[in-house]
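Novice: Have a peek at run-v4.pdb (PDB, C-alpha atoms and all ligand atoms).
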MODEL        1
ATOM      1  CA  MET K 302      40.991 -40.833  39.343  1.00  0.00           C
ATOM      2  CA  LYS K 303      39.306 -44.209  39.688  1.00  0.00           C
ATOM      3  CA  ILE K 304      36.433 -43.932  42.162  1.00  0.00           C
ATOM      4  CA  ALA K 305      33.914 -46.598  43.158  1.00  0.00           C
ATOM      5  CA  VAL K 306      30.961 -46.626  45.496  1.00  0.00           C
ATOM      6  CA  TYR K 307      30.204 -49.593  47.752  1.00  0.00           C
ATOM      7  CA  PRO K 308      26.559 -49.167  48.790  1.00  0.00           C
ATOM      8  CA  GLY K 309      24.656 -51.106  51.432  1.00  0.00           C
ATOM      9  CA  SER K 310      22.794 -51.043  54.707  1.00  0.00           C
ATOM     10  CA  PHE K 311      25.770 -51.995  56.910  1.00  0.00           C
ATOM     11  CA  ASP K 312      23.433 -52.664  59.841  1.00  0.00           C
ATOM     12  CA  PRO K 313      26.089 -53.253  61.271  1.00  0.00           C
ATOM     13  CA  VAL K 314      29.297 -53.495  59.208  1.00  0.00           C
ATOM     14  CA  THR K 315      30.717 -57.058  59.324  1.00  0.00           C
ATOM     15  CA  ASN K 316      34.128 -58.534  58.542  1.00  0.00           C
ATOM     16  CA  GLY K 317      32.608 -59.677  55.222  1.00  0.00           C
ATOM     17  CA  HIS K 318      31.899 -56.056  54.283  1.00  0.00           C
ATOM     18  CA  LEU K 319      35.327 -54.963  55.546  1.00  0.00           C
ATOM     19  CA  ASP K 320      37.060 -57.596  53.430  1.00  0.00           C
ATOM     20  CA  ILE K 321      35.316 -56.261  50.298  1.00  0.00           C
ATOM     21  CA  ILE K 322      36.199 -52.662  51.280  1.00  0.00           C
ATOM     22  CA  ARG K 323      39.899 -53.520  51.761  1.00  0.00           C
ATOM     23  CA  ARG K 324      40.087 -55.399  48.472  1.00  0.00           C
ATOM     24  CA  ALA K 325      38.276 -52.637  46.559  1.00  0.00           C
ATOM     25  CA  ALA K 326      40.549 -50.015  48.134  1.00  0.00           C
ATOM     26  CA  ARG K 327      43.543 -51.802  46.579  1.00  0.00           C
ATOM     27  CA  ILE K 328      42.004 -51.508  43.103  1.00  0.00           C
ATOM     28  CA  PHE K 329      40.467 -48.003  43.185  1.00  0.00           C
ATOM     29  CA  ASP K 330      42.032 -44.665  44.122  1.00  0.00           C
ATOM     30  CA  THR K 331      39.016 -43.884  46.287  1.00  0.00           C
ATOM     31  CA  VAL K 332      36.217 -46.092  47.599  1.00  0.00           C
ATOM     32  CA  ILE K 333      33.107 -44.379  48.906  1.00  0.00           C
ATOM     33  CA  VAL K 334      31.274 -46.643  51.337  1.00  0.00           C
ATOM     34  CA  ALA K 335      27.744 -45.283  51.312  1.00  0.00           C
ATOM     35  CA  VAL K 336      25.026 -46.168  53.784  1.00  0.00           C
ATOM     36  CA  PHE K 337      21.802 -46.136  51.822  1.00  0.00           C
ATOM     37  CA  TYR K 338      18.387 -45.670  53.285  1.00  0.00           C
ATOM     38  CA  ASN K 339      16.360 -48.716  52.247  1.00  0.00           C
ATOM     39  CA  SER K 340      12.617 -48.476  52.843  1.00  0.00           C
ATOM     40  CA  SER K 341      12.187 -52.265  52.599  1.00  0.00           C
ATOM     41  CA  LYS K 342      14.608 -52.974  55.477  1.00  0.00           C
ATOM     42  CA  LYS K 343      13.862 -52.201  59.092  1.00  0.00           C
ATOM     43  CA  CYS K 344      17.265 -51.302  60.480  1.00  0.00           C
ATOM     44  CA  ALA K 345      18.451 -51.695  64.077  1.00  0.00           C
ATOM     45  CA  PHE K 346      21.029 -48.887  63.918  1.00  0.00           C
ATOM     46  CA  SER K 347      20.473 -45.278  62.808  1.00  0.00           C
ATOM     47  CA  ILE K 348      22.290 -44.019  59.712  1.00  0.00           C
ATOM     48  CA  ASP K 349      24.672 -42.018  61.971  1.00  0.00           C
ATOM     49  CA  GLU K 350      25.443 -45.086  64.083  1.00  0.00           C
ATOM     50  CA  ARG K 351      26.123 -47.176  60.988  1.00  0.00           C
ATOM     51  CA  MET K 352      28.437 -44.453  59.613  1.00  0.00           C
ATOM     52  CA  ASP K 353      30.265 -44.256  62.971  1.00  0.00           C
ATOM     53  CA  MET K 354      30.845 -48.016  62.973  1.00  0.00           C
ATOM     54  CA  LEU K 355      32.095 -47.881  59.375  1.00  0.00           C
ATOM     55  CA  ARG K 356      34.472 -45.003  60.222  1.00  0.00           C
ATOM     56  CA  THR K 357      35.836 -46.994  63.149  1.00  0.00           C
ATOM     57  CA  ALA K 358      36.238 -50.151  61.053  1.00  0.00           C
ATOM     58  CA  THR K 359      38.036 -48.383  58.186  1.00  0.00           C
ATOM     59  CA  LYS K 360      40.162 -45.891  60.116  1.00  0.00           C
ATOM     60  CA  ASP K 361      43.413 -47.528  58.915  1.00  0.00           C
ATOM     61  CA  ILE K 362      42.444 -47.403  55.205  1.00  0.00           C
ATOM     62  CA  ASP K 363      43.438 -44.011  53.781  1.00  0.00           C
ATOM     63  CA  ASN K 364      41.450 -44.023  50.557  1.00  0.00           C
ATOM     64  CA  VAL K 365      38.014 -44.841  51.999  1.00  0.00           C
ATOM     65  CA  ILE K 366      35.306 -42.219  52.493  1.00  0.00           C
ATOM     66  CA  ILE K 367      32.154 -42.910  54.504  1.00  0.00           C
ATOM     67  CA  ASP K 368      28.961 -41.253  53.303  1.00  0.00           C
ATOM     68  CA  SER K 369      25.198 -41.769  53.376  1.00  0.00           C
ATOM     69  CA  SER K 370      22.267 -41.042  51.122  1.00  0.00           C
ATOM     70  CA  ASP K 371      18.533 -41.411  50.803  1.00  0.00           C
ATOM     71  CA  ASN K 372      18.695 -40.806  47.049  1.00  0.00           C
ATOM     72  CA  LEU K 373      18.380 -43.367  44.330  1.00  0.00           C
ATOM     73  CA  LEU K 374      21.861 -44.925  43.935  1.00  0.00           C
ATOM     74  CA  VAL K 375      22.078 -43.814  40.289  1.00  0.00           C
ATOM     75  CA  HIS K 376      21.280 -40.202  41.226  1.00  0.00           C
ATOM     76  CA  TYR K 377      23.836 -40.296  44.041  1.00  0.00           C
ATOM     77  CA  MET K 378      26.433 -41.473  41.533  1.00  0.00           C
ATOM     78  CA  GLU K 379      25.532 -38.829  38.962  1.00  0.00           C
ATOM     79  CA  ASN K 380      25.729 -36.095  41.636  1.00  0.00           C
ATOM     80  CA  ASN K 381      29.159 -37.316  42.758  1.00  0.00           C
ATOM     81  CA  ASP K 382      30.480 -38.203  39.301  1.00  0.00           C
ATOM     82  CA  VAL K 383      31.077 -41.880  40.188  1.00  0.00           C
ATOM     83  CA  LYS K 384      30.675 -44.563  37.512  1.00  0.00           C
ATOM     84  CA  VAL K 385      31.420 -47.855  39.286  1.00  0.00           C
ATOM     85  CA  ILE K 386      29.356 -49.757  41.858  1.00  0.00           C
ATOM     86  CA  ILE K 387      31.061 -52.477  43.926  1.00  0.00           C
ATOM     87  CA  LYS K 388      28.924 -55.325  45.204  1.00  0.00           C
ATOM     88  CA  GLY K 389      29.870 -58.356  47.250  1.00  0.00           C
ATOM     89  CA  LEU K 390      28.460 -61.754  46.333  1.00  0.00           C
ATOM     90  CA  ARG K 391      28.087 -64.462  48.964  1.00  0.00           C
ATOM     91  CA  MET K 392      25.938 -67.272  47.675  1.00  0.00           C
ATOM     92  CA  VAL K 393      23.847 -68.049  44.636  1.00  0.00           C
ATOM     93  CA  SER K 394      20.947 -66.552  46.570  1.00  0.00           C
ATOM     94  CA  ASP K 395      22.554 -63.070  46.340  1.00  0.00           C
ATOM     95  CA  PHE K 396      22.908 -63.367  42.594  1.00  0.00           C
ATOM     96  CA  GLU K 397      19.316 -63.036  41.435  1.00  0.00           C
ATOM     97  CA  TYR K 398      18.650 -59.790  43.307  1.00  0.00           C
ATOM     98  CA  GLU K 399      22.056 -58.267  42.518  1.00  0.00           C
ATOM     99  CA  PHE K 400      21.757 -59.182  38.837  1.00  0.00           C
ATOM    100  CA  GLN K 401      18.388 -57.426  38.650  1.00  0.00           C
ATOM    101  CA  MET K 402      19.758 -54.321  40.425  1.00  0.00           C
ATOM    102  CA  ALA K 403      22.842 -54.191  38.179  1.00  0.00           C
ATOM    103  CA  LEU K 404      20.672 -54.330  35.052  1.00  0.00           C
ATOM    104  CA  ALA K 405      18.279 -51.729  36.443  1.00  0.00           C
ATOM    105  CA  ASN K 406      21.100 -49.327  37.336  1.00  0.00           C
ATOM    106  CA  HIS K 407      22.720 -49.771  33.934  1.00  0.00           C
ATOM    107  CA  GLN K 408      19.377 -49.173  32.257  1.00  0.00           C
ATOM    108  CA  GLN K 409      18.995 -45.909  34.210  1.00  0.00           C
ATOM    109  CA  ASN K 410      22.463 -44.724  33.216  1.00  0.00           C
ATOM    110  CA  LYS K 411      24.501 -46.546  30.558  1.00  0.00           C
ATOM    111  CA  ASP K 412      27.812 -45.191  31.936  1.00  0.00           C
ATOM    112  CA  ILE K 413      27.339 -47.005  35.230  1.00  0.00           C
ATOM    113  CA  GLU K 414      28.966 -50.416  35.685  1.00  0.00           C
ATOM    114  CA  THR K 415      28.542 -52.845  38.587  1.00  0.00           C
ATOM    115  CA  LEU K 416      31.575 -54.917  39.591  1.00  0.00           C
ATOM    116  CA  PHE K 417      31.028 -58.009  41.719  1.00  0.00           C
ATOM    117  CA  MET K 418      33.606 -59.295  44.149  1.00  0.00           C
ATOM    118  CA  MET K 419      33.317 -62.800  45.536  1.00  0.00           C
ATOM    119  CA  THR K 420      33.191 -63.106  49.289  1.00  0.00           C
ATOM    120  CA  ALA K 421      36.204 -64.633  51.023  1.00  0.00           C
ATOM    121  CA  SER K 422      35.204 -68.201  51.902  1.00  0.00           C
ATOM    122  CA  GLU K 423      35.446 -67.571  55.652  1.00  0.00           C
ATOM    123  CA  TYR K 424      32.756 -64.878  55.370  1.00  0.00           C
ATOM    124  CA  SER K 425      30.386 -66.566  52.937  1.00  0.00           C
ATOM    125  CA  HIS K 426      27.831 -67.303  55.679  1.00  0.00           C
ATOM    126  CA  LEU K 427      28.142 -63.894  57.318  1.00  0.00           C
ATOM    127  CA  SER K 428      25.416 -61.267  57.198  1.00  0.00           C
ATOM    128  CA  SER K 429      24.422 -58.280  59.298  1.00  0.00           C
ATOM    129  CA  SER K 430      21.222 -60.088  60.261  1.00  0.00           C
ATOM    130  CA  LEU K 431      23.230 -63.058  61.627  1.00  0.00           C
ATOM    131  CA  VAL K 432      25.336 -60.638  63.685  1.00  0.00           C
ATOM    132  CA  ARG K 433      22.227 -58.909  65.059  1.00  0.00           C
ATOM    133  CA  GLU K 434      20.662 -62.243  65.984  1.00  0.00           C
ATOM    134  CA  LEU K 435      23.812 -63.460  67.779  1.00  0.00           C
ATOM    135  CA  ALA K 436      24.316 -60.148  69.603  1.00  0.00           C
ATOM    136  CA  THR K 437      20.743 -60.109  70.862  1.00  0.00           C
ATOM    137  CA  TYR K 438      21.354 -63.398  72.647  1.00  0.00           C
ATOM    138  CA  GLY K 439      24.852 -62.496  73.862  1.00  0.00           C
ATOM    139  CA  GLY K 440      26.687 -64.666  71.293  1.00  0.00           C
ATOM    140  CA  ASN K 441      30.386 -64.300  70.520  1.00  0.00           C
ATOM    141  CA  LEU K 442      31.032 -61.721  67.771  1.00  0.00           C
ATOM    142  CA  ILE K 443      34.824 -62.106  67.572  1.00  0.00           C
ATOM    143  CA  GLY K 444      35.859 -62.731  63.976  1.00  0.00           C
ATOM    144  CA  LEU K 445      32.444 -61.705  62.647  1.00  0.00           C
ATOM    145  CA  VAL K 446      32.557 -57.964  63.267  1.00  0.00           C
ATOM    146  CA  PRO K 447      35.663 -55.732  63.436  1.00  0.00           C
ATOM    147  CA  ASN K 448      36.931 -55.811  67.047  1.00  0.00           C
ATOM    148  CA  ASP K 449      36.484 -52.046  67.537  1.00  0.00           C
ATOM    149  CA  VAL K 450      32.870 -52.294  66.408  1.00  0.00           C
ATOM    150  CA  ILE K 451      31.838 -55.091  68.808  1.00  0.00           C
ATOM    151  CA  PRO K 452      31.148 -52.705  71.770  1.00  0.00           C
ATOM    152  CA  TYR K 453      28.773 -50.602  69.615  1.00  0.00           C
ATOM    153  CA  VAL K 454      26.831 -53.718  68.631  1.00  0.00           C
ATOM    154  CA  TYR K 455      26.475 -55.087  72.174  1.00  0.00           C
ATOM    155  CA  GLU K 456      25.612 -51.645  73.546  1.00  0.00           C
ATOM    156  CA  LYS K 457      22.667 -51.432  71.173  1.00  0.00           C
ATOM    157  CA  LEU K 458      21.453 -55.017  70.928  1.00  0.00           C
ATOM    158  CA  GLN K 459      22.387 -57.112  73.944  1.00  0.00           C
ATOM    159  CA  PRO K 460      19.564 -57.211  76.480  1.00  0.00           C
ATOM    160  CA  LYS K 461      20.640 -55.498  79.708  1.00  0.00           C
ATOM    161  CA  LYS K 462      20.797 -57.881  82.681  1.00  0.00           C
TER     162      LYS K 462
HETATM  163  P1  LIG K 501      23.487 -57.590  54.473  1.00  0.00           P
HETATM  164  O1  LIG K 501      22.462 -56.894  55.317  1.00  0.00           O
HETATM  165  O2  LIG K 501      22.924 -58.735  53.671  1.00  0.00           O
HETATM  166  O3  LIG K 501      24.744 -57.995  55.218  1.00  0.00           O
HETATM  167  P2  LIG K 501      24.183 -55.076  53.062  1.00  0.00           P
HETATM  168  O4  LIG K 501      23.072 -54.382  52.361  1.00  0.00           O
HETATM  169  O5  LIG K 501      24.729 -54.382  54.237  1.00  0.00           O
HETATM  170  O6  LIG K 501      23.852 -56.600  53.350  1.00  0.00           O
HETATM  171  O7  LIG K 501      25.352 -55.423  52.024  1.00  0.00           O
HETATM  172  C1  LIG K 501      26.049 -54.499  51.274  1.00  0.00           C
HETATM  173  C2  LIG K 501      26.877 -55.245  50.258  1.00  0.00           C
HETATM  174  O8  LIG K 501      27.802 -56.121  50.905  1.00  0.00           O
HETATM  175  C3  LIG K 501      26.096 -56.148  49.300  1.00  0.00           C
HETATM  176  O9  LIG K 501      26.747 -56.070  48.044  1.00  0.00           O
HETATM  177  C4  LIG K 501      26.272 -57.524  49.898  1.00  0.00           C
HETATM  178  O10 LIG K 501      26.145 -58.551  48.935  1.00  0.00           O
HETATM  179  C5  LIG K 501      27.685 -57.432  50.411  1.00  0.00           C
HETATM  180  N1  LIG K 501      27.976 -58.363  51.505  1.00  0.00           N
HETATM  181  C6  LIG K 501      27.284 -58.532  52.644  1.00  0.00           C
HETATM  182  N2  LIG K 501      27.854 -59.477  53.429  1.00  0.00           N
HETATM  183  C7  LIG K 501      28.935 -59.945  52.749  1.00  0.00           C
HETATM  184  C8  LIG K 501      29.919 -60.962  53.000  1.00  0.00           C
HETATM  185  N3  LIG K 501      29.879 -61.698  54.112  1.00  0.00           N
HETATM  186  N4  LIG K 501      30.873 -61.167  52.054  1.00  0.00           N
HETATM  187  C9  LIG K 501      30.886 -60.437  50.920  1.00  0.00           C
HETATM  188  N5  LIG K 501      29.979 -59.474  50.617  1.00  0.00           N
HETATM  189  C10 LIG K 501      29.018 -59.225  51.518  1.00  0.00           C
ENDMDL
END
Show this structure as structure tokens.
Ligand code: ADP

Specialist:
Amino acid sequence: MKIAVYPGSFDPVTNGHLDIIRRAARIFDTVIVAVFYNSSKKCAFSIDERMDMLRTATKDIDNVIIDSSDNLLVHYMENNDVKVIIKGLRMVSDFEYEFQMALANHQQNKDIETLFMMTASEYSHLSSSLVRELATYGGNLIGLVPNDVIPYVYEKLQPKK
């Protein structure tokens, strides 16, 4: 069985993330989308909320599992017997950090490979932080976040009138 993990903060999941998930799900038998606790990011949504949004966004994709972890990614993979990490790449600015992480993870465990998928051009500018910023000021999220996820985002971030 070919299994891959797609790790991230998903604070919240965007259509850019979902595009990577759908494409990875066509290549692997199972894709585990894992919300990782990241001490260097201050997140707007709790881990449970982020998992709920991911479950909603991926409900029509049979071979996707939503999980979370506060372990080191390499340890999570060893515990779950997964060897492949999927990462999305948007711009050159993503490359430096992702390159460093891929080398570090491979150094920790030589069996682990990182596969990079290029963003679809329509999502190359899209990030969770852009979505949070727009939502806070009541901006239009259609096309940026899966439609079923939009109410969760407004509920949490849009200032009440
Ligand atoms: P961010 O907060 O920057 O949106 P995450 O930590 O949630 O990022 O991202 C998880 C993974 O998804 C990373 O590999 C990231 O590069 C990738 N990703 C994020 N946004 C996009 C996008 N618009 N297109 C493709 N990949 C993306």

Novice: Would you compute an axis-aligned box for ligand LIG 501 (chain K), covering every atom listed for it in the file with 3 Å of margin on each side, and report centre and edge lengths in Å to one decimal as lines of an AutoDock Vina configuration file?

Specialist:
center_x = 26.7
center_y = -58.0
center_z = 51.7
size_x = 14.4
size_y = 13.3
size_z = 13.3

Novice: Considering all atoms listed in the file, can you say which of K:Gln408, K:Tyr338, K:Ile322, K:Phe417 comes closest to K:Asn372?

Specialist: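 Residue with the minimum atom-to-atom distance to K:Asn372: K:Tyr338.
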
Novice: When the PyMOL selection byres (((chain K and resi 449) around 12) and not hetatm) is applied to the structure above, which residues does it catch, written out as a list in words?

Specialist: Val314, Thr315, Asn316, Asp353, Met354, Leu355, Arg356, Thr357, Ala358, Thr359, Lys360, Asp361, Leu442, Ile443, Gly444, Leu445, Val446, Pro447, Asn448, Val450, Ile451, Pro452, Tyr453, Val454 and Tyr455 of chain K

Novice: Residues within 10 Å of K:Ile328, please, as a list in words. Count all atoms listed in the file; anything in the same chain fewer than 3 positions from it doesn't count.

Specialist: Lys303, Ile304, Ala305, Arg323, Arg324, Ala325, Thr331 and Val332 of chain K

Novice: Can you tell me how far atom CA of K:Asp363 sits from atom CA of K:His318, in Å to one decimal?

Specialist: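 Separation of atom CA of K:Asp363 and atom CA of K:His318: 16.7 Å.
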
Novice: Return the single residue from K:Asn380, K:Gln409, K:Gln459, K:Ser422 that is closest to K:Ala436, with distances computed using only C-alpha atoms.

Specialist: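 Using only C-alpha atoms, K:Ala436 sits closest to K:Gln459.
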
Novice: Can you translate the PyMOL selection byres (((not hetatm)) within 8 of (chain K and resi 501)) into the concrete residues it hits in this file, as a ChimeraX atom specification?

Specialist: /K:307-318,320-321,387-391,395,399,417-421,424-430

Novice: Because some atoms of stretch 397-423 of chain K are absent here, can you restore N, CA, C and O atoms and send them as a compact mmCIF listing (two decimals), in the coordinates of the input?

Specialist:
# COMPACT_ATOMS: atom_id res chain seq x y z
N GLU K 397 20.53 -63.42 42.17
CA GLU K 397 19.32 -63.04 41.44
C GLU K 397 18.97 -61.56 41.67
O GLU K 397 18.73 -60.80 40.72
N TYR K 398 18.98 -61.17 42.95
CA TYR K 398 18.65 -59.79 43.31
C TYR K 398 19.70 -58.82 42.76
O TYR K 398 19.37 -57.80 42.14
N GLU K 399 20.98 -59.17 42.94
CA GLU K 399 22.06 -58.27 42.52
C GLU K 399 22.10 -58.13 40.99
O GLU K 399 22.40 -57.06 40.47
N PHE K 400 21.79 -59.20 40.30
CA PHE K 400 21.76 -59.18 38.84
C PHE K 400 20.68 -58.20 38.36
O PHE K 400 20.91 -57.34 37.50
N GLN K 401 19.50 -58.31 39.00
CA GLN K 401 18.39 -57.43 38.65
C GLN K 401 18.77 -55.96 38.91
O GLN K 401 18.51 -55.08 38.09
N MET K 402 19.38 -55.70 40.08
CA MET K 402 19.76 -54.32 40.42
C MET K 402 20.81 -53.78 39.46
O MET K 402 20.75 -52.62 39.04
N ALA K 403 21.78 -54.64 39.10
CA ALA K 403 22.84 -54.19 38.18
C ALA K 403 22.24 -53.82 36.83
O ALA K 403 22.60 -52.79 36.23
N LEU K 404 21.31 -54.63 36.35
CA LEU K 404 20.67 -54.33 35.05
C LEU K 404 19.84 -53.06 35.16
O LEU K 404 19.85 -52.22 34.25
N ALA K 405 19.13 -52.91 36.27
CA ALA K 405 18.28 -51.73 36.44
C ALA K 405 19.14 -50.47 36.49
O ALA K 405 18.81 -49.45 35.85
N ASN K 406 20.25 -50.51 37.23
CA ASN K 406 21.10 -49.33 37.34
C ASN K 406 21.73 -48.99 35.99
O ASN K 406 21.85 -47.82 35.62
N HIS K 407 22.11 -50.00 35.25
CA HIS K 407 22.72 -49.77 33.93
C HIS K 407 21.68 -49.21 32.96
O HIS K 407 21.99 -48.36 32.11
N GLN K 408 20.45 -49.68 33.11
CA GLN K 408 19.38 -49.17 32.26
C GLN K 408 19.11 -47.68 32.56
O GLN K 408 18.86 -46.90 31.64
N GLN K 409 19.21 -47.31 33.83
CA GLN K 409 19.00 -45.91 34.21
C GLN K 409 20.11 -45.00 33.68
O GLN K 409 19.88 -43.85 33.33
N ASN K 410 21.33 -45.53 33.69
CA ASN K 410 22.46 -44.72 33.22
C ASN K 410 23.50 -45.68 32.61
O ASN K 410 24.12 -46.46 33.32
N LYS K 411 23.66 -45.59 31.30
CA LYS K 411 24.50 -46.55 30.56
C LYS K 411 25.98 -46.44 30.91
O LYS K 411 26.77 -47.35 30.60
N ASP K 412 26.39 -45.34 31.56
CA ASP K 412 27.81 -45.19 31.94
C ASP K 412 28.14 -45.92 33.23
O ASP K 412 29.30 -46.01 33.61
N ILE K 413 27.10 -46.40 33.92
CA ILE K 413 27.34 -47.00 35.23
C ILE K 413 27.55 -48.51 35.10
O ILE K 413 26.77 -49.21 34.46
N GLU K 414 28.65 -48.98 35.69
CA GLU K 414 28.97 -50.42 35.68
C GLU K 414 28.94 -50.94 37.12
O GLU K 414 29.36 -50.24 38.05
N THR K 415 28.48 -52.19 37.27
CA THR K 415 28.54 -52.84 38.59
C THR K 415 29.62 -53.92 38.54
O THR K 415 29.62 -54.76 37.64
N LEU K 416 30.54 -53.88 39.48
CA LEU K 416 31.58 -54.92 39.59
C LEU K 416 31.28 -55.77 40.81
O LEU K 416 31.05 -55.25 41.90
N PHE K 417 31.31 -57.09 40.61
CA PHE K 417 31.03 -58.01 41.72
C PHE K 417 32.32 -58.61 42.23
O PHE K 417 33.16 -59.06 41.43
N MET K 418 32.45 -58.63 43.54
CA MET K 418 33.61 -59.30 44.15
C MET K 418 33.08 -60.47 44.97
O MET K 418 32.13 -60.32 45.74
N MET K 419 33.73 -61.61 44.79
CA MET K 419 33.32 -62.80 45.54
C MET K 419 33.74 -62.67 46.99
O MET K 419 34.85 -62.23 47.29
N THR K 420 32.86 -63.09 47.87
CA THR K 420 33.19 -63.11 49.29
C THR K 420 34.41 -64.00 49.54
O THR K 420 34.64 -64.96 48.80
N ALA K 421 35.17 -63.70 50.57
CA ALA K 421 36.20 -64.63 51.02
C ALA K 421 35.46 -65.81 51.66
O ALA K 421 34.42 -65.61 52.30
N SER K 422 35.98 -67.02 51.47
CA SER K 422 35.20 -68.20 51.90
C SER K 422 34.84 -68.15 53.39
O SER K 422 33.76 -68.59 53.79
N GLU K 423 35.73 -67.58 54.20
CA GLU K 423 35.45 -67.57 55.65
C GLU K 423 34.28 -66.65 56.02
O GLU K 423 33.77 -66.72 57.13
